[in-house]
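Below is model_2.cif, holding mmCIF, C-alpha atoms and all ligand atoms.
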```cif
data_upload
loop_
_atom_site.label_atom_id
_atom_site.label_comp_id
_atom_site.auth_asym_id
_atom_site.auth_seq_id
_atom_site.Cartn_x
_atom_site.Cartn_y
_atom_site.Cartn_z
CA MET K 26 12.26 18.86 10.04
CA LYS K 27 14.41 18.69 6.93
CA LEU K 28 12.57 18.33 3.65
CA ALA K 29 14.26 18.00 0.31
CA ALA K 30 12.36 19.18 -2.75
CA GLU K 31 13.35 19.86 -6.28
CA ALA K 32 10.74 21.59 -8.39
CA THR K 33 10.04 23.81 -11.33
CA THR K 34 8.38 26.82 -9.69
CA PRO K 35 5.69 27.89 -10.17
CA LEU K 36 4.11 24.56 -11.16
CA THR K 37 2.19 24.48 -14.44
CA ALA K 38 -0.06 21.52 -15.32
CA ARG K 39 -2.27 20.73 -18.27
CA THR K 40 -4.79 17.86 -18.38
CA GLN K 41 -6.08 16.78 -21.80
CA PRO K 42 -8.95 14.34 -22.42
CA ILE K 43 -7.69 11.50 -24.67
CA PRO K 44 -9.20 8.37 -26.27
CA ASP K 45 -9.36 5.34 -23.93
CA PRO K 46 -5.75 4.03 -23.71
CA GLY K 47 -6.87 0.54 -22.54
CA ASP K 48 -4.29 -1.19 -20.35
CA LEU K 49 -2.58 1.63 -18.44
CA THR K 50 0.60 -0.34 -17.78
CA ALA K 51 1.16 -0.88 -21.53
CA HIS K 52 1.95 2.84 -21.99
CA LEU K 53 4.69 3.29 -19.41
CA PRO K 54 7.82 4.39 -21.27
CA HIS K 55 10.41 3.64 -18.56
CA PRO K 56 11.17 0.70 -16.24
CA THR K 57 10.69 3.05 -13.30
CA ALA K 58 7.02 3.88 -12.99
CA LEU K 59 4.42 5.22 -10.60
CA ALA K 60 1.04 3.49 -10.46
CA TRP K 61 -2.26 3.09 -8.67
CA ILE K 62 -4.60 0.70 -10.50
CA HIS K 63 -7.88 -0.91 -9.38
CA HIS K 64 -10.14 -2.93 -11.71
CA GLY K 65 -8.06 -1.65 -14.67
CA GLU K 66 -8.79 2.00 -13.79
CA GLY K 67 -6.62 4.55 -12.01
CA ILE K 68 -3.42 6.39 -12.80
CA VAL K 69 0.08 5.62 -13.94
CA ALA K 70 2.85 8.19 -14.15
CA TRP K 71 6.51 8.73 -14.98
CA GLY K 72 9.22 11.35 -14.75
CA GLN K 73 9.74 13.64 -11.80
CA THR K 74 8.79 17.30 -11.41
CA ALA K 75 9.42 17.43 -7.67
CA ARG K 76 10.43 15.07 -4.91
CA ILE K 77 9.84 15.60 -1.20
CA THR K 78 11.77 13.34 1.15
CA ILE K 79 10.30 13.12 4.60
CA PRO K 80 12.38 12.16 7.64
CA GLY K 81 10.93 10.12 10.48
CA GLY K 82 9.15 11.92 13.31
CA PRO K 83 5.79 12.14 15.03
CA HIS K 84 4.44 14.88 12.74
CA ARG K 85 5.64 13.56 9.41
CA PHE K 86 2.20 13.51 7.71
CA THR K 87 1.46 17.10 8.75
CA HIS K 88 4.84 18.31 7.55
CA ALA K 89 4.53 16.41 4.28
CA ALA K 90 1.09 17.97 3.72
CA ARG K 91 2.42 21.45 4.42
CA ARG K 92 5.38 21.04 2.06
CA LEU K 93 3.14 19.68 -0.66
CA SER K 94 0.61 22.48 -0.36
CA ASP K 95 3.50 24.98 -0.67
CA LEU K 96 4.43 23.30 -3.96
CA PHE K 97 0.85 23.18 -5.23
CA ALA K 98 -0.02 26.70 -3.98
CA GLY K 99 1.02 28.85 -6.94
CA ALA K 100 0.26 26.20 -9.59
CA ALA K 101 -1.27 27.25 -12.91
CA ILE K 102 -3.66 24.39 -13.69
CA ASP K 103 -5.58 23.78 -16.90
CA ASP K 104 -7.92 20.86 -16.09
CA PRO K 105 -11.21 20.68 -18.04
CA LEU K 106 -12.15 17.30 -16.44
CA LYS K 107 -11.80 18.05 -12.70
CA LEU K 108 -12.13 14.38 -11.70
CA PRO K 109 -10.33 12.51 -8.92
CA GLY K 110 -6.81 12.00 -10.32
CA THR K 111 -6.91 14.74 -12.99
CA GLY K 112 -4.73 17.85 -12.67
CA PRO K 113 -1.41 17.70 -10.85
CA LEU K 114 -0.95 15.23 -8.00
CA ALA K 115 1.69 13.49 -5.93
CA PHE K 116 2.31 9.80 -5.41
CA GLY K 117 3.57 8.90 -1.96
CA SER K 118 4.86 6.11 0.19
CA PHE K 119 5.60 6.35 3.92
CA THR K 120 7.74 4.11 6.09
CA PHE K 121 5.91 1.75 8.44
CA ASP K 122 7.85 2.86 11.52
CA PRO K 123 7.07 6.50 12.37
CA ALA K 124 10.67 6.92 13.61
CA THR K 125 12.41 5.94 10.36
CA ASP K 126 13.47 8.04 7.37
CA GLY K 127 12.65 7.05 3.80
CA SER K 128 9.15 8.40 3.21
CA VAL K 129 8.68 10.17 -0.09
CA LEU K 130 6.20 12.21 -2.15
CA ILE K 131 6.78 12.50 -5.90
CA ILE K 132 5.08 14.91 -8.28
CA PRO K 133 5.51 13.21 -11.67
CA ARG K 134 6.08 14.82 -15.04
CA HIS K 135 3.40 12.85 -16.95
CA ILE K 136 0.23 11.17 -15.65
CA LEU K 137 -2.02 8.87 -17.67
CA GLY K 138 -5.44 8.06 -16.22
CA ARG K 139 -8.73 6.34 -16.93
CA ARG K 140 -11.83 6.30 -14.76
CA ASP K 141 -15.61 6.11 -15.21
CA GLY K 142 -15.48 6.34 -19.01
CA HIS K 143 -12.96 9.23 -19.04
CA ALA K 144 -9.30 9.07 -20.03
CA TRP K 145 -6.71 11.80 -19.73
CA LEU K 146 -3.08 12.77 -19.96
CA THR K 147 -1.66 15.37 -17.59
CA THR K 148 1.68 17.03 -18.26
CA ILE K 149 3.34 18.95 -15.44
CA GLY K 150 5.86 21.49 -16.65
CA ALA K 151 6.64 22.33 -20.27
CA PRO K 152 4.80 20.25 -22.93
CA THR K 153 6.86 17.53 -24.65
CA ALA K 154 6.42 15.80 -28.01
CA ASP K 155 4.32 12.60 -27.75
CA PRO K 156 4.97 11.50 -24.14
CA LEU K 157 3.20 8.17 -24.81
CA THR K 158 5.98 6.72 -26.97
CA LEU K 159 7.70 3.74 -25.35
CA THR K 160 11.40 4.42 -25.01
CA ARG K 161 12.30 0.91 -23.79
CA PRO K 162 10.05 -2.15 -24.16
CA PRO K 163 9.42 -4.03 -20.88
CA ALA K 164 11.76 -6.95 -20.17
CA PRO K 165 10.58 -9.78 -17.84
CA PRO K 166 13.00 -10.71 -15.06
CA THR K 167 15.20 -13.75 -15.79
CA GLY K 168 17.76 -15.89 -13.92
CA LEU K 169 15.92 -15.48 -10.60
CA ARG K 170 17.67 -16.65 -7.44
CA TRP K 171 15.58 -16.68 -4.25
CA GLY K 172 16.95 -16.40 -0.73
CA GLU K 173 15.69 -16.30 2.84
CA GLY K 174 15.63 -12.80 4.27
CA THR K 175 16.60 -11.59 7.72
CA LEU K 176 15.14 -14.56 9.63
CA SER K 177 14.95 -18.18 8.46
CA ALA K 178 11.48 -19.79 8.52
CA HIS K 179 12.55 -21.61 11.70
CA ASP K 180 13.74 -18.46 13.50
CA TRP K 181 10.66 -16.52 12.43
CA GLN K 182 8.43 -19.18 14.00
CA LYS K 183 10.46 -18.84 17.19
CA ALA K 184 9.81 -15.08 17.09
CA VAL K 185 6.07 -15.78 16.69
CA ALA K 186 6.18 -18.12 19.72
CA THR K 187 7.92 -15.38 21.77
CA ALA K 188 5.23 -12.88 20.73
CA VAL K 189 2.52 -15.34 21.80
CA ASP K 190 4.21 -15.69 25.22
CA ARG K 191 4.32 -11.91 25.68
CA ILE K 192 0.68 -11.57 24.68
CA GLN K 193 -0.35 -14.38 27.04
CA GLY K 194 1.69 -12.62 29.76
CA GLY K 195 -0.59 -9.60 29.35
CA ASP K 196 1.89 -7.11 27.82
CA LEU K 197 -0.40 -6.45 24.83
CA GLY K 198 -3.39 -7.86 22.91
CA LYS K 199 -1.98 -8.25 19.40
CA THR K 200 1.13 -7.66 17.36
CA VAL K 201 1.94 -8.24 13.69
CA LEU K 202 5.16 -10.02 12.73
CA ALA K 203 6.54 -9.88 9.20
CA ARG K 204 9.38 -11.60 7.41
CA ASP K 205 11.24 -10.92 4.18
CA LEU K 206 12.56 -12.98 1.25
CA THR K 207 15.19 -11.84 -1.23
CA VAL K 208 15.33 -12.23 -4.99
CA GLN K 209 18.20 -11.60 -7.36
CA ALA K 210 17.62 -11.24 -11.12
CA ALA K 211 20.11 -11.38 -13.97
CA GLN K 212 19.18 -7.86 -15.19
CA PRO K 213 17.75 -4.71 -13.58
CA ILE K 214 14.14 -5.43 -12.57
CA ASP K 215 11.55 -3.73 -14.82
CA THR K 216 8.69 -2.44 -12.65
CA ARG K 217 6.28 -2.45 -15.61
CA VAL K 218 6.33 -6.23 -16.01
CA LEU K 219 5.53 -6.77 -12.32
CA LEU K 220 2.80 -4.13 -12.45
CA SER K 221 1.02 -5.56 -15.47
CA ARG K 222 1.09 -9.10 -14.05
CA LEU K 223 -0.25 -7.95 -10.66
CA ALA K 224 -2.96 -5.73 -12.16
CA ALA K 225 -4.15 -8.58 -14.42
CA ARG K 226 -4.14 -11.26 -11.69
CA TYR K 227 -5.36 -9.18 -8.73
CA PRO K 228 -7.89 -6.76 -10.29
CA THR K 229 -9.78 -6.28 -7.00
CA CYS K 230 -6.56 -5.25 -5.24
CA PHE K 231 -4.83 -1.89 -5.56
CA THR K 232 -1.75 -2.39 -7.71
CA PHE K 233 0.82 0.24 -6.82
CA ALA K 234 4.33 1.40 -7.61
CA VAL K 235 6.09 4.28 -5.90
CA ASP K 236 9.84 4.79 -5.96
CA ARG K 237 10.88 1.08 -6.27
CA LEU K 238 8.07 -0.24 -4.01
CA ILE K 239 5.67 -2.41 -6.02
CA GLY K 240 2.74 -4.54 -4.96
CA ALA K 241 -0.97 -5.35 -5.08
CA THR K 242 -2.60 -4.62 -1.75
CA PRO K 243 -6.14 -5.66 -0.88
CA GLU K 244 -6.27 -3.17 2.03
CA LEU K 245 -7.62 0.34 1.35
CA LEU K 246 -6.46 2.47 4.26
CA ILE K 247 -8.38 5.56 3.17
CA ARG K 248 -10.00 7.04 0.09
CA ARG K 249 -11.10 10.68 0.33
CA THR K 250 -13.37 12.14 -2.35
CA GLY K 251 -14.57 15.57 -1.17
CA ASP K 252 -16.08 15.01 2.26
CA ARG K 253 -16.67 11.28 1.70
CA ILE K 254 -14.24 8.70 3.06
CA ASP K 255 -14.02 4.94 2.54
CA SER K 256 -11.76 2.33 4.06
CA LEU K 257 -11.51 -1.46 3.92
CA VAL K 258 -10.15 -2.97 7.12
CA LEU K 259 -8.58 -6.42 6.76
CA ALA K 260 -7.29 -8.77 9.46
CA GLY K 261 -7.84 -12.50 9.94
CA THR K 262 -6.70 -14.74 7.07
CA THR K 263 -6.68 -18.28 5.78
CA PRO K 264 -4.90 -19.56 2.65
CA ARG K 265 -7.23 -20.55 -0.27
CA GLY K 266 -8.30 -24.18 -0.64
CA THR K 267 -7.81 -26.24 -3.79
CA THR K 268 -11.52 -26.79 -4.61
CA PRO K 269 -14.64 -24.57 -4.32
CA GLY K 270 -15.87 -26.87 -1.52
CA GLU K 271 -12.63 -26.51 0.42
CA ASP K 272 -12.74 -22.71 -0.08
CA ARG K 273 -16.28 -22.59 1.34
CA GLU K 274 -15.26 -24.71 4.31
CA ARG K 275 -12.17 -22.56 4.99
CA ALA K 276 -14.18 -19.33 4.73
CA GLN K 277 -16.74 -20.66 7.22
CA ARG K 278 -14.00 -21.77 9.61
CA LEU K 279 -12.36 -18.35 9.35
CA TYR K 280 -15.65 -16.57 10.00
CA ARG K 281 -16.34 -18.71 13.08
CA SER K 282 -12.76 -18.64 14.43
CA ALA K 283 -12.70 -16.73 17.74
CA LYS K 284 -8.96 -16.12 17.22
CA ASP K 285 -9.42 -14.50 13.78
CA ARG K 286 -12.51 -12.54 14.84
CA ARG K 287 -10.54 -11.07 17.77
CA GLU K 288 -7.60 -10.28 15.47
CA HIS K 289 -10.04 -8.51 13.14
CA ALA K 290 -11.96 -6.69 15.89
CA TYR K 291 -8.77 -5.01 17.17
CA ALA K 292 -8.26 -3.47 13.72
CA ALA K 293 -11.90 -2.49 13.03
CA ASP K 294 -12.34 -0.97 16.52
CA MET K 295 -9.21 1.17 16.20
CA VAL K 296 -10.27 2.49 12.78
CA ARG K 297 -13.69 3.38 14.24
CA GLN K 298 -12.04 5.19 17.17
CA ALA K 299 -9.57 7.06 14.94
CA LEU K 300 -12.18 8.20 12.41
CA THR K 301 -15.03 9.09 14.78
CA PRO K 302 -13.58 12.50 15.84
CA LEU K 303 -13.03 13.43 12.16
CA CYS K 304 -16.51 12.53 10.87
CA THR K 305 -20.11 13.73 11.13
CA ASP K 306 -21.28 10.22 10.32
CA LEU K 307 -19.42 6.95 10.17
CA HIS K 308 -20.64 3.49 9.25
CA VAL K 309 -18.62 0.53 10.60
CA PRO K 310 -20.55 -2.76 10.40
CA HIS K 311 -20.48 -4.85 13.59
CA ARG K 312 -19.66 -8.08 11.75
CA PRO K 313 -16.95 -8.59 9.11
CA GLN K 314 -17.48 -9.94 5.60
CA ILE K 315 -15.47 -12.56 3.72
CA LEU K 316 -13.06 -11.29 1.03
CA THR K 317 -11.73 -13.99 -1.31
CA LEU K 318 -8.54 -13.29 -3.26
CA PRO K 319 -6.67 -15.66 -5.60
CA ASN K 320 -4.19 -16.59 -2.80
CA VAL K 321 -5.99 -16.03 0.54
CA ILE K 322 -9.36 -15.42 2.20
CA HIS K 323 -9.65 -12.44 4.59
CA LEU K 324 -12.09 -11.08 7.13
CA ALA K 325 -13.00 -7.59 5.86
CA THR K 326 -14.91 -4.60 7.23
CA PRO K 327 -15.87 -1.88 4.72
CA VAL K 328 -16.06 1.56 6.41
CA HIS K 329 -17.79 4.68 5.03
CA GLY K 330 -18.07 8.16 6.50
CA THR K 331 -18.50 11.90 5.99
CA LEU K 332 -15.68 14.20 7.07
CA ALA K 333 -16.64 16.97 9.48
CA ALA K 334 -14.12 19.53 8.23
CA GLN K 335 -11.56 20.19 5.52
CA HIS K 336 -9.19 17.37 6.44
CA SER K 337 -6.90 16.32 3.58
CA VAL K 338 -6.32 12.64 2.95
CA LEU K 339 -2.89 13.04 4.64
CA ASP K 340 -4.60 14.36 7.82
CA VAL K 341 -6.75 11.23 7.88
CA LEU K 342 -3.67 9.04 7.34
CA ALA K 343 -2.03 10.68 10.34
CA ALA K 344 -4.99 9.61 12.50
CA LEU K 345 -5.00 6.03 11.19
CA HIS K 346 -1.43 4.83 10.75
CA PRO K 347 -0.31 2.37 12.08
CA THR K 348 -3.53 0.35 12.41
CA PRO K 349 -3.62 -2.95 14.31
CA ALA K 350 -3.81 -4.72 10.91
CA VAL K 351 -0.07 -4.07 10.52
CA CYS K 352 1.13 -3.12 14.01
CA GLY K 353 -1.08 -4.52 16.78
CA THR K 354 -2.67 -3.12 19.88
CA PRO K 355 -1.98 -1.16 22.01
CA THR K 356 0.19 0.57 19.40
CA ALA K 357 3.29 1.41 21.51
CA PRO K 358 4.04 -2.06 22.98
CA ALA K 359 3.09 -3.71 19.67
CA LEU K 360 5.57 -1.49 17.79
CA ASP K 361 8.29 -2.14 20.39
CA LEU K 362 7.79 -5.89 20.01
CA ILE K 363 8.00 -5.65 16.20
CA ARG K 364 11.29 -3.73 16.50
CA GLU K 365 12.63 -6.34 18.93
CA LEU K 366 11.49 -9.57 17.24
CA GLU K 367 11.57 -8.91 13.49
CA VAL K 368 15.23 -7.82 13.55
CA MET K 369 14.75 -6.08 10.19
CA ASP K 370 13.76 -2.62 9.05
CA ARG K 371 10.37 -2.90 7.31
CA GLY K 372 11.18 0.22 5.32
CA ARG K 373 7.98 1.21 3.49
CA TYR K 374 6.35 -2.25 3.66
CA ALA K 375 3.14 -1.95 5.74
CA GLY K 376 3.24 1.86 5.45
CA PRO K 377 0.68 4.02 3.63
CA VAL K 378 1.05 4.16 -0.18
CA GLY K 379 -1.07 6.11 -2.65
CA TRP K 380 -1.70 9.52 -4.18
CA ILE K 381 -3.02 12.97 -3.24
CA ASP K 382 -4.28 15.77 -5.50
CA THR K 383 -4.34 19.55 -5.07
CA ASP K 384 -7.75 19.40 -3.28
CA GLY K 385 -6.49 16.93 -0.67
CA ASN K 386 -8.40 14.03 -2.29
CA GLY K 387 -6.67 10.73 -2.82
CA GLU K 388 -6.50 6.98 -2.33
CA TRP K 389 -4.06 5.30 0.04
CA GLY K 390 -3.60 1.62 0.71
CA ILE K 391 -1.40 -0.21 3.18
CA ALA K 392 1.68 -1.40 1.28
CA LEU K 393 1.20 -5.19 1.59
CA ARG K 394 1.92 -8.08 -0.80
CA CYS K 395 4.82 -6.05 -2.14
CA ALA K 396 8.51 -5.96 -2.98
CA GLU K 397 11.08 -3.21 -2.74
CA ILE K 398 13.75 -3.04 -5.44
CA ASP K 399 17.16 -2.24 -3.93
CA ALA K 400 18.10 1.45 -4.22
CA HIS K 401 21.73 0.63 -5.07
CA ASP K 402 21.37 -2.63 -6.99
CA PRO K 403 18.31 -2.71 -9.32
CA THR K 404 18.80 -6.45 -9.90
CA ARG K 405 17.86 -7.18 -6.26
CA ALA K 406 14.57 -6.95 -4.35
CA ARG K 407 13.08 -7.82 -0.96
CA LEU K 408 9.58 -9.28 -0.61
CA PHE K 409 7.56 -8.89 2.60
CA ALA K 410 4.66 -10.67 4.31
CA GLY K 411 3.32 -10.52 7.84
CA CYS K 412 0.64 -11.97 10.09
CA GLY K 413 -1.40 -10.73 13.02
CA ILE K 414 -0.41 -12.56 16.21
CA VAL K 415 -2.81 -12.97 19.15
CA ALA K 416 -2.79 -15.12 22.32
CA ASP K 417 -3.74 -18.37 20.55
CA SER K 418 -1.70 -18.00 17.32
CA ASP K 419 0.14 -21.09 16.10
CA PRO K 420 3.63 -20.40 14.64
CA ALA K 421 3.37 -23.09 11.91
CA ALA K 422 -0.05 -21.82 10.77
CA GLU K 423 1.29 -18.24 10.69
CA LEU K 424 4.25 -19.36 8.56
CA ALA K 425 1.86 -21.02 6.07
CA GLU K 426 -0.22 -17.81 6.01
CA ALA K 427 2.87 -15.68 5.36
CA GLN K 428 3.87 -18.01 2.52
CA ALA K 429 0.42 -17.57 0.94
CA LYS K 430 0.82 -13.79 1.25
CA PHE K 431 4.20 -13.91 -0.55
CA ARG K 432 2.62 -15.64 -3.57
CA PRO K 433 1.35 -12.59 -5.53
CA MET K 434 4.82 -11.06 -5.68
CA GLN K 435 6.71 -14.32 -6.13
CA GLU K 436 4.49 -15.19 -9.08
CA ALA K 437 4.78 -11.66 -10.49
CA PHE K 438 8.54 -12.23 -10.69
CA GLN K 439 8.25 -15.78 -12.00
CA GLY K 440 5.90 -15.08 -14.91
C1 LIG S 501 0.49 -7.82 7.40
C2 LIG S 501 -0.13 -8.35 6.34
O1 LIG S 501 -1.49 -8.52 6.28
C3 LIG S 501 -2.36 -7.87 7.20
C4 LIG S 501 -3.58 -7.56 6.44
C5 LIG S 501 -4.59 -8.48 6.31
C6 LIG S 501 -4.59 -9.64 7.08
C7 LIG S 501 -3.65 -9.83 8.05
C8 LIG S 501 -3.67 -11.06 8.91
O2 LIG S 501 -4.65 -11.81 8.86
O3 LIG S 501 -2.69 -11.31 9.62
C9 LIG S 501 -2.64 -8.81 8.37
O4 LIG S 501 -3.16 -8.10 9.46
C10 LIG S 501 0.61 -8.75 5.14
O5 LIG S 501 -0.02 -9.15 4.15
O6 LIG S 501 1.85 -8.64 5.13
#
```

I'd like the structure from this file rewritten - as structure tokens, please.
Ligand SMILES: C=C(O[C@H]1C=CC=C(C(=O)O)[C@@H]1O)C(=O)O
Amino acid sequence: MKLAAEATTPLTARTQPIPDPGDLTAHLPHPTALAWIHHGEGIVAWGQTARITIPGGPHRFTHAARRLSDLFAGAAIDDPLKLPGTGPLAFGSFTFDPATDGSVLIIPRHILGRRDGHAWLTTIGAPTADPLTLTRPPAPPTGLRWGEGTLSAHDWQKAVATAVDRIQGGDLGKTVLARDLTVQAAQPIDTRVLLSRLAARYPTCFTFAVDRLIGATPELLIRRTGDRIDSLVLAGTTPRGTTPGEDRERAQRLYRSAKDRREHAYAADMVRQALTPLCTDLHVPHRPQILTLPNVIHLATPVHGTLAAQHSVLDVLAALHPTPAVCGTPTAPALDLIRELEVMDRGRYAGPVGWIDTDGNGEWGIALRCAEIDAHDPTRARLFAGCGIVADSDPAAELAEAQAKFRPMQEAFQG
């Protein structure tokens, strides 16, 4: 496996407690930013001390973990706080398809964090004068032009109908089909504006940015804090209603829908199976809960467990990804059908996104409700949304669901 890294060796890192900075996104000095924010807490970062690019392959998480621990190994760390997210860490984002290149881990130069009444600034490498000074004020995107992505709405519904036929024919139980939209802005897109809008409007989601991929995902793939792990499995969705009464009625219909409960059970069962061998105890409720977001209502299963051994958060990711929430079940035929019917490369959409520290702790979501800014043209981006497809899925209803899932990012662009 070929890994590219560029680093100051050996790594030095200093974490300093600081007064509460308030809104984390307001302190990002550059349009390119790294972020993981939940309920206004978390970490934002900028600059690059090291970058590990990870090619596709079956052992990509293991190899990424090994390369990262080589970089962290000789580090001289001054961290009086020793909290999750203090000290040096890497942000990461992996491609959805295990076979594709494009996964990345980035050790930033500066990290600003706030959590549980603490706030801190970590500098990796030589100290610099006042890293919290804005060098360029954020500029909202203007002159937006929207376009259909790889498949038109009509062709995507045809793909959904084909998937339903294959599922009814017995090839598989569930797949997940996604589509993309494109947006063109008049100027290079400033990540900070999108981040601050998403974090303010979707505080219960995990607002993230890693290497041009930005979004606010409701789905926590895995959080590892010492030997404790948490996950929030989502699958089964209905768009929000327009009144509280309609919301209640939609939530009840979702909860009672055999189709959505089956779609959800595939995902919750797989997470239980994947985590059981890694844990001494694992709690997966038998019935899902209702999770209401500003745009959609989901079926949700919160999972908690205790790890049996020293597995890093990347080891746990390797066991989980891709879950049926984004791929389907069984995994191999579901992935083949996605490759055949979507006709696009998902890139890092629906892949794991998050951060990992030197102890192997971290928080990783599934990169949903997101956009990827073009690597070669920073005025362009692609938005993604997908839906679980089972034997009785209706293409028109899935299209409406995908449109509701595009809303957070579309509105983040629009203001
Ligand atoms: C694939 C997506 O959502 C997944 C997560 C939650 C609910 C889903 C659903 O009900 O289809 C999907 O499995 C997406 O938002 O692009």

How close does chain K get to ligand LIG 501 (chain S)? List, as a tab-separated table, each residue of chain K within 6 Å, its nearest atom pair and the distance in Å to one decimal, counting all atoms listed in the file.
```
residue	atom	partner	partner_atom	distance
K:Leu259	CA	S:LIG501	C5	4.5
K:Ala260	CA	S:LIG501	C6	3.7
K:Gly261	CA	S:LIG501	O2	3.4
K:Thr262	CA	S:LIG501	O2	4.0
K:Ala350	CA	S:LIG501	O4	3.7
K:Val351	CA	S:LIG501	C1	4.9
K:Leu393	CA	S:LIG501	O5	4.9
K:Arg394	CA	S:LIG501	O5	5.4
K:Ala410	CA	S:LIG501	O6	3.6
K:Gly411	CA	S:LIG501	O6	3.6
K:Cys412	CA	S:LIG501	O3	3.4
K:Gly413	CA	S:LIG501	O3	3.7
K:Lys430	CA	S:LIG501	O5	5.5
```

Pick from K:Arg39, K:His52, K:His84, K:His346: nearest to Leu114 of chain K, with only C-alpha atoms counted?
K:Arg39

Which is closest to Ala188 of chain K among K:Gln314, K:Ser337, K:Thr200, K:Thr229, if we use only C-alpha atoms?
K:Thr200

Compare K:Met369, K:Leu130, K:Ile322, K:Ala333 by their minimum atom-to-atom distance to Ala429 of chain K, counting only C-alpha atoms, and give me the closest one.
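So, comparing all the options, the nearest one is K:Ile322.
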
List as a ChimeraX atom specification: which residues have an atom within 12 Å of (-22.9, 8.2, -2.5), counting all atoms listed in the file?
/K:250-255,329-331
